[in-house]
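Visitor: Below is coords_7.cif; it holds mmCIF, C-alpha atoms.
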```cif
data_work
loop_
_atom_site.label_atom_id
_atom_site.label_comp_id
_atom_site.auth_asym_id
_atom_site.auth_seq_id
_atom_site.Cartn_x
_atom_site.Cartn_y
_atom_site.Cartn_z
CA MET A 3 -3.21 8.02 -16.00
CA ARG A 4 -1.03 5.04 -15.02
CA THR A 5 2.07 4.25 -16.97
CA GLY A 6 4.21 1.13 -16.88
CA THR A 7 3.40 -2.34 -15.66
CA VAL A 8 2.58 -3.72 -12.24
CA ALA A 9 6.20 -4.90 -12.10
CA ASP A 10 7.38 -1.32 -12.72
CA ARG A 11 5.20 -0.04 -9.89
CA ILE A 12 6.48 -2.78 -7.57
CA ARG A 13 10.07 -1.73 -8.27
CA GLU A 14 9.18 1.95 -7.71
CA ALA A 15 7.55 1.14 -4.33
CA THR A 16 10.47 -0.98 -3.12
CA VAL A 17 13.21 0.55 -0.99
CA VAL A 18 16.55 -1.26 -0.82
CA LEU A 19 17.86 -1.19 2.76
CA GLY A 20 21.51 -1.27 3.74
CA ASP A 21 24.59 0.62 2.66
CA ARG A 22 25.81 0.44 -0.94
CA THR A 23 28.81 -1.62 0.15
CA ASP A 24 26.79 -3.82 2.52
CA ASP A 25 26.52 -7.49 1.51
CA GLY A 26 23.35 -7.63 3.60
CA ARG A 27 21.41 -5.20 1.40
CA TYR A 28 17.87 -6.31 0.78
CA PRO A 29 14.68 -4.95 -0.79
CA ASP A 30 12.02 -3.96 1.74
CA PRO A 31 8.55 -4.82 0.39
CA THR A 32 6.57 -2.85 2.98
CA GLY A 33 6.12 0.03 0.52
CA TRP A 34 3.90 -2.25 -1.57
CA TRP A 35 1.21 -2.15 1.11
CA ARG A 36 1.23 1.65 1.31
CA ALA A 37 0.55 2.30 -2.39
CA PRO A 38 -3.25 1.93 -2.84
CA GLU A 39 -3.16 1.60 -6.63
CA LEU A 40 -0.45 -1.06 -6.45
CA LEU A 41 -2.27 -2.89 -3.66
CA ARG A 42 -5.41 -2.95 -5.81
CA GLU A 43 -3.43 -4.50 -8.71
CA LEU A 44 -1.44 -7.15 -6.82
CA GLY A 45 -4.27 -9.67 -6.41
CA PRO A 46 -5.37 -9.65 -10.05
CA ALA A 47 -1.75 -9.67 -11.31
CA LEU A 48 -0.86 -12.73 -9.22
CA ALA A 49 -4.16 -14.43 -10.06
CA ALA A 50 -3.45 -13.98 -13.77
CA LEU A 51 -0.29 -16.10 -13.41
CA PHE A 52 -2.46 -19.20 -12.77
CA ALA A 53 -5.93 -18.24 -14.06
CA ASP A 54 -5.73 -21.00 -16.70
CA GLU A 55 -5.21 -23.61 -13.93
CA ARG A 56 -8.53 -22.78 -12.21
CA PRO A 57 -7.51 -23.00 -8.53
CA ASN A 58 -10.46 -22.99 -6.16
CA VAL A 59 -8.44 -22.50 -2.95
CA VAL A 60 -5.62 -20.04 -2.30
CA LEU A 61 -3.17 -20.82 0.50
CA GLY A 62 -1.23 -17.97 2.11
CA PRO A 63 1.46 -18.43 4.76
CA GLU A 64 1.63 -16.04 7.69
CA SER A 65 2.30 -13.14 7.46
CA ARG A 66 2.58 -11.59 4.02
CA GLY A 67 0.95 -14.53 2.26
CA SER A 68 -2.01 -13.89 4.55
CA LEU A 69 -2.19 -10.34 3.22
CA LEU A 70 -1.81 -11.24 -0.45
CA GLY A 71 -3.76 -14.49 -0.48
CA PRO A 72 -7.23 -12.98 0.02
CA LEU A 73 -6.55 -10.43 -2.74
CA VAL A 74 -5.71 -13.27 -5.13
CA ALA A 75 -8.61 -15.42 -3.93
CA VAL A 76 -11.10 -12.63 -4.63
CA ALA A 77 -9.63 -12.12 -8.11
CA LEU A 78 -9.95 -15.86 -8.83
CA GLY A 79 -13.36 -16.33 -7.21
CA ALA A 80 -11.71 -18.84 -4.87
CA GLY A 81 -11.61 -19.49 -1.13
CA PHE A 82 -8.66 -18.69 1.13
CA VAL A 83 -6.81 -20.75 3.75
CA GLU A 84 -4.20 -19.18 6.02
CA VAL A 85 -1.17 -21.44 6.52
CA ARG A 86 -0.11 -20.89 10.10
CA LYS A 87 3.44 -21.06 11.37
CA ASN A 88 4.42 -22.77 14.62
CA ARG A 89 0.86 -22.96 15.91
CA ASP A 90 -1.14 -25.80 17.33
CA PRO A 91 -4.83 -26.62 16.91
CA ALA A 92 -7.18 -24.50 19.00
CA CYS A 93 -8.75 -27.57 20.64
CA ASP A 94 -8.57 -31.37 20.57
CA SER A 95 -11.55 -31.64 18.20
CA ASP A 96 -9.88 -29.36 15.62
CA ARG A 97 -7.89 -31.86 13.50
CA TRP A 98 -4.94 -30.21 11.78
CA LEU A 99 -2.65 -31.07 8.93
CA GLN A 100 0.92 -30.12 9.83
CA ARG A 101 4.34 -30.38 8.20
CA THR A 102 7.79 -29.17 9.21
CA SER A 103 9.50 -27.19 6.51
CA PRO A 104 13.00 -27.68 5.17
CA PRO A 105 15.23 -24.71 6.11
CA ASP A 106 13.79 -21.36 5.08
CA TYR A 107 15.65 -18.17 4.16
CA GLN A 108 16.64 -17.70 7.83
CA ASP A 109 17.71 -21.36 8.17
CA ARG A 110 14.68 -22.12 10.38
CA HIS A 111 12.52 -25.21 10.28
CA LEU A 112 8.93 -24.07 10.71
CA LYS A 113 5.89 -26.15 11.59
CA LEU A 114 3.22 -25.18 9.05
CA GLY A 115 -0.41 -26.18 9.26
CA PHE A 116 -4.11 -25.50 9.06
CA SER A 117 -7.38 -27.13 10.07
CA ARG A 118 -8.03 -30.30 8.07
CA ARG A 119 -11.59 -29.23 7.27
CA LEU A 120 -10.37 -26.27 5.18
CA LEU A 121 -8.83 -28.28 2.33
CA GLN A 122 -10.55 -31.26 0.74
CA ALA A 123 -9.80 -33.93 -1.83
CA GLY A 124 -10.71 -32.47 -5.20
CA ASP A 125 -9.58 -28.94 -4.28
CA ARG A 126 -7.07 -27.24 -6.56
CA ALA A 127 -4.70 -25.29 -4.29
CA LEU A 128 -2.50 -22.33 -5.24
CA LEU A 129 0.08 -21.01 -2.75
CA VAL A 130 0.55 -17.23 -2.76
CA ASP A 131 3.34 -15.28 -1.08
CA ASP A 132 5.34 -12.12 -1.56
CA TRP A 133 8.76 -13.71 -1.98
CA ILE A 134 10.26 -17.17 -2.45
CA ASP A 135 13.91 -17.60 -1.54
CA THR A 136 14.64 -21.25 -0.69
CA GLY A 137 11.26 -22.86 -1.33
CA GLY A 138 11.25 -24.47 2.13
CA GLN A 139 7.84 -23.19 3.19
CA ALA A 140 6.38 -23.89 -0.26
CA PHE A 141 7.61 -27.50 -0.14
CA ALA A 142 5.94 -27.93 3.27
CA ALA A 143 2.71 -26.42 1.89
CA GLN A 144 2.91 -28.74 -1.13
CA GLY A 145 3.13 -31.67 1.30
CA LEU A 146 0.07 -30.41 3.20
CA VAL A 147 -1.91 -30.22 -0.04
CA ALA A 148 -0.93 -33.83 -0.83
CA ASP A 149 -1.87 -34.89 2.73
CA ALA A 150 -5.35 -33.45 2.14
CA GLY A 151 -5.72 -35.34 -1.12
CA ALA A 152 -5.97 -32.04 -3.00
CA THR A 153 -4.15 -31.01 -6.18
CA TRP A 154 -1.14 -28.70 -6.09
CA VAL A 155 -1.51 -26.00 -8.76
CA GLY A 156 1.68 -24.05 -8.03
CA VAL A 157 3.14 -20.98 -6.33
CA ALA A 158 2.37 -17.39 -7.35
CA VAL A 159 4.80 -14.88 -5.87
CA ILE A 160 5.63 -11.26 -6.42
CA VAL A 161 9.39 -11.94 -6.36
CA ASP A 162 11.19 -15.16 -7.27
CA GLY A 163 14.48 -15.27 -5.40
CA LEU A 164 15.20 -18.96 -5.96
CA ARG A 165 18.82 -19.59 -6.89
CA ARG A 166 18.21 -23.00 -8.48
CA HIS A 167 15.81 -24.03 -11.24
CA GLU A 168 14.94 -27.44 -9.78
CA PRO A 169 12.79 -26.11 -6.89
CA ARG A 170 11.12 -23.68 -9.31
CA ARG A 171 10.08 -26.58 -11.54
CA GLN A 172 9.06 -28.89 -8.68
CA LEU A 173 6.90 -26.22 -7.07
CA ARG A 174 5.65 -24.71 -10.36
CA VAL A 175 6.66 -21.17 -9.37
CA ARG A 176 5.46 -18.21 -11.41
CA SER A 177 6.33 -14.65 -10.45
CA LEU A 178 5.88 -11.02 -11.37
CA LEU A 179 9.57 -10.22 -10.80
CA HIS A 180 12.89 -11.90 -10.07
CA SER A 181 15.14 -10.79 -7.20
CA ARG A 182 17.80 -9.65 -9.71
CA ASP A 183 15.31 -6.97 -10.82
CA PHE A 184 16.15 -4.92 -7.72
#
```
Hey, can you dump this file as structure tokens for me?
Guide:
Amino acid sequence: MRTGTVADRIREATVVLGDRTDDGRYPDPTGWWRAPELLRELGPALAALFADERPNVVLGPESRGSLLGPLVAVALGAGFVEVRKNRDPACDSDRWLQRTSPPDYQDRHLKLGFSRRLLQAGDRALLVDDWIDTGGQAFAAQGLVADAGATWVGVAVIVDGLRRHEPRRQLRVRSLLHSRDF
């Protein structure tokens, strides 16, 4: 029988890499994907953060958001749209929405986008990812949702690593854990 919460199991499956004295220590989330019971619970746990908002489309940025997003979409009975990074449309007839992000956690500006046909006015879009650190990619995704005429519901993440409250409020971030929990 399971004991503890999903958050407890996430902490148990997370390995912190780096030496004890290393300023560059960081939690490695790859253990989350290896634990079948935890993997089964992640989608419903993240979906529960915004179930009352009734999103009908889940956005997930490459790469880990593309893994989590479908799990959340299934739990919500919603569709899924992969937000691609630094990619161009497949052909001239494939109209894309694209935005360049503010600096991300690696101080990169990424071009985010997806095919225009995948998000429509009237859609209620929820962004899902494993971790939010600066909010740069989420702000770009929020702009893409606005460009489509859709409604931004918020951001559901496993770990909130934002250092300031303002981006958290602007993006409507809800999380299972905070980075200080590791």
Visitor: Can you tell me which residues surround Leu121 (chain A) at a distance of at most 9 Å, considering all atoms listed in the file, apart from same-chain residues fewer than 6 positions away, and format the answer as an NGL selection string?
Guide: :A and (59 or 83 or 127 or 147 or 150-152)
Visitor: Using all atoms listed in the file, which residue out of A:Leu164, A:Leu61, A:Val159, A:Ala142 lies closest to Ser177 (chain A)?
Guide: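 Ranking A:Leu164, A:Leu61, A:Val159, A:Ala142 by distance to Ser177 (chain A), first place goes to A:Val159.
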Visitor: Could you pull the residues within 10 Å of Leu69 (chain A), counting all atoms listed in the file, minus those fewer than 2 positions along the same chain, as a VMD selection string?
Guide: chain A and resid 35 45 62 to 67 71 to 74 84 130 to 132
Visitor: In terms of the shortest atom-to-atom distance over all atoms listed in the file, which of A:Asp125, A:Leu70, A:Leu114, A:Arg36 is closest to Asn88 (chain A)?
Guide: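 Looking at the shortest contact to Asn88 (chain A), the residue is A:Leu114.
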Visitor: How many Å lie between CA of Ile160 (chain A) and CA of Tyr28 (chain A), rounded to one decimal?
Guide: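 A separation of 15.0 Å between them.
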Visitor: Mind pulling up the distance from CA of Arg126 (chain A) to CA of Ala9 (chain A)?
Guide: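 Distance between the two atoms: 26.6 Å.
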Visitor: Choose the residue, out of A:Tyr107, A:Trp98, A:Phe184, A:Phe82, that has the smallest atom-to-atom separation from Asp149 (chain A); count only C-alpha atoms.
Guide: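 Of A:Tyr107, A:Trp98, A:Phe184, A:Phe82, the one nearest Asp149 (chain A) is A:Trp98, counting only C-alpha atoms.
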Visitor: I'd like to know which of A:Leu179, A:Leu120, A:Val161, A:Leu128 is closest to Val60 (chain A), using only C-alpha atoms.
Guide: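 Ranking A:Leu179, A:Leu120, A:Val161, A:Leu128 by distance to Val60 (chain A), first place goes to A:Leu128.
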Visitor: For a quick check of understanding, using only C-alpha atoms, which of A:Arg119, A:Arg13, A:Arg110, A:His180 has the smallest distance to Asp96 (chain A)?
Guide: A:Arg119
Visitor: Show me, as a list in words, the residues that have an atom within 9 Å of Gln172 (chain A) when counting all atoms listed in the file, minus same-chain residues fewer than 3 positions from it.
Guide: Phe141, Gly156, His167, Glu168, Pro169 and Val175 of chain A
Visitor: Rank nothing, just name the residue among A:Val155, A:Gln144, A:Arg176, A:Arg165 nearest to Glu55 (chain A), using all atoms listed in the file.
Guide: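 Using all atoms listed in the file, the shortest distance to Glu55 (chain A) belongs to A:Val155.
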Visitor: Mind working out the centre and edge lengths of an axis-aligned box for region 113-116 of chain A, all listed atoms inside, 4 Å added to each side, rounded to one decimal in Å and written as lines of an AutoDock Vina configuration file?
Guide:
```
center_x = 0.9
center_y = -25.7
center_z = 10.3
size_x = 18.0
size_y = 9.0
size_z = 10.5
```
Visitor: As a VMD selection string, please: the residues near Ala143 (chain A) (cut-off 9 Å, only C-alpha atoms, same-chain neighbours under 5 positions excluded).
Guide: chain A and resid 61 63 85 100 to 101 103 114 to 115 129 138 148
Visitor: Just the number, please: distance in Å from CA of Phe116 (chain A) to CA of Gly137 (chain A), one decimal.
Guide: 18.7 Å
